[in-house]
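Engineer: Here it is: the structure, laid out below.
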Amino acid sequence: MTRPITLIGAPVQTGAWRRGCLMGPDALRTAGLGRALRELGHEVRDLGNLAAEEMQVPPAPNPAIRDLDLCAGWVAALQAGAGALEAETFPIFMGGDHLMAAGTVPGMARRAEAAGRPFFVLWLDAHSDIHDLESTESGNLHGTPVAYFTGRADFTPHFPAPVATVDPANICMIGLRSVDPYEKQALNAAGIDVADMRAIDEHGIATPLRVFLERVAAAEGHLHVSFDIDFLDPGIAPAVGTTVPGGATFREAHLVMEWLHDSGLVTSLDIAELNPFMDERGRTATLMVDLVASLFGKAVLDRPTRART
């Protein structure tokens with residue numbers, strides 16, 4: 001089945017301490033994301049890169065937080081950009097650090113509300129990103145979007161209010177392996193479904209994914225996938241500023257994307273934390289293009305063996 005796909009650049013880098021994620025959208029373009037999707041028969045348009053809105057917000061009481069005006073401007077711009085999309089298109093938000101999800105997820109949740117459908121989020125990440133403006137010790141706001149879009153903490157007047165929030169019971173996090181004590185408590189209190197890497201080691205990655213997709217299908221929901229590069233093992237995807245050993249393997253990642261394609265449930269996608277400055281000859285961007293192609297129908301038998309040199 002072919003789909004109308006919209007590529008949207010979200011060159012956010014103010015949520016992370018290591019700069020470089022602003023180059024992520026262009027790295028995905030250079031690696032051939034649009035071309036790969038067109039070769040699969042999809043209609044693809046590229047809207048270029050969004051820009052942060054100019055905002056001035058009150059200083060946060062937490063002195064560790066940096067670039068709050070710019071972060072708030074990105075949240076506002078991404079919510080507006082997501083809200084302006086046609087209902088029938090499949091948006092791929094190309095990041096950019098994971099602060100982008102504070103804009104993209106509420107925007108997609110609002111679209112699901114307008115369609116009268118429940119909204120679900122599959123969070124593929126090494127981190128839970130459920131800190132708030134008071135609890136973050138690093139001050140890096142790419143660690144806060146889940147607290148923001150679930151309404152767990154009030155981010156106003158520093159961020160614009162979310163245009164829609166997400167029920168924590170409708171979130172599944174797969175691949176976690178770097179969670180501090182505060183985040184562990186917050187996840188338990190929120191009731192978010194979590195499959196960390198130990199659970200994946202013990203039961204395989206298909207088991208929690210199958211259960212979650214069955215829930216989404218039974219509810220006839222919209223499913224947003226937020227894919228952080230550090231979900232992957234840094235041995236295959238080095239282009240991320242927050243590498244954590246022991247991530248998803250090449251085949252585990254492809255299996256997730258293949259299952260998501262087979263489900264027919266996914267309605268939108270984030271690609272977060274791609275930092276080309278940390279990459280090795282574009283290998284991470286190239287891998288992400290291949291993974292996204294799996295999400296849109298590229299099968300194992302469609303992958304020719306590369307010539308050995």
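How things are named: the first chain in the structure tokens is A, the next is B, and so on; residues count from 1 in each chain; ligands count from 1 in the order shown.
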Wanna dump the range 73-137 of chain A-range 281-295 of chain A contacts at 12 Å for me, each residue with its shortest atom pair and the distance in Å to one decimal, counting only C-alpha atoms, ordered by chain and number, as a tab-separated table?
Structural biologist:
```
residue	atom	partner	partner_atom	distance
A:Phe90	CA	A:Leu295	CA	11.9
A:Ile92	CA	A:Val292	CA	9.5
A:Phe93	CA	A:Val292	CA	11.8
A:Met94	CA	A:Met288	CA	10.7
A:Gly95	CA	A:Ala285	CA	11.4
```
Engineer: Go ahead and save the residues from that selection, with N, CA, C and O atoms, as a tab-separated table (two decimals), in the first residue's frame.
Structural biologist:
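Wrote selection_23.tsv, looks like this:
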```
chain	number	residue	atom	x	y	z
A	90	PHE	N	1.26	11.08	6.02
A	90	PHE	CA	2.07	10.44	7.05
A	90	PHE	C	3.30	11.32	7.26
A	90	PHE	O	4.18	11.37	6.40
A	92	ILE	N	6.93	12.43	8.66
A	92	ILE	CA	8.18	11.98	9.24
A	92	ILE	C	8.94	13.22	9.70
A	92	ILE	O	9.36	14.04	8.87
A	93	PHE	N	9.05	13.38	11.00
A	93	PHE	CA	9.74	14.52	11.58
A	93	PHE	C	11.20	14.14	11.75
A	93	PHE	O	11.53	13.24	12.52
A	94	MET	N	12.07	14.84	11.04
A	94	MET	CA	13.49	14.51	11.00
A	94	MET	C	14.25	15.42	11.95
A	94	MET	O	14.34	16.63	11.72
A	95	GLY	N	14.77	14.84	13.05
A	95	GLY	CA	15.47	15.65	14.03
A	95	GLY	C	16.96	15.62	13.87
A	95	GLY	O	17.49	14.90	13.02
```
Engineer: Check the DSSP output for the backbone and give back, as a list of chain:residue names, the residues of range 27-62 of chain A in strand (DSSP E or B).
Structural biologist: A:Glu43, A:Val44, A:Arg45, A:Asp46, A:Leu47, A:Gly48, A:Asn49
Engineer: Could you name the residues that touch Val12 in chain A at 8 Å or less, counting only C-alpha atoms, but leaving out those on the same chain fewer than 6 positions away, as a ChimeraX atom specification?
Structural biologist: /A:21-22,74,95-97,99-100
Engineer: Set the distance at 12 Å and use only C-alpha atoms: which residues neighbour Thr144 in chain A once local chain neighbours fewer than 5 positions away are removed? I'd like the list as a ChimeraX atom specification.
Structural biologist: /A:15-16,65,71,75,97-103,127-139,149-155,159,183,186
Engineer: Between A:Ala31, A:Val240, A:Ala60, A:Leu78, which is the closest to Ala126 in chain A once you count only C-alpha atoms?
Structural biologist: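 Answer, going by the shortest atom-to-atom distance: A:Val240.
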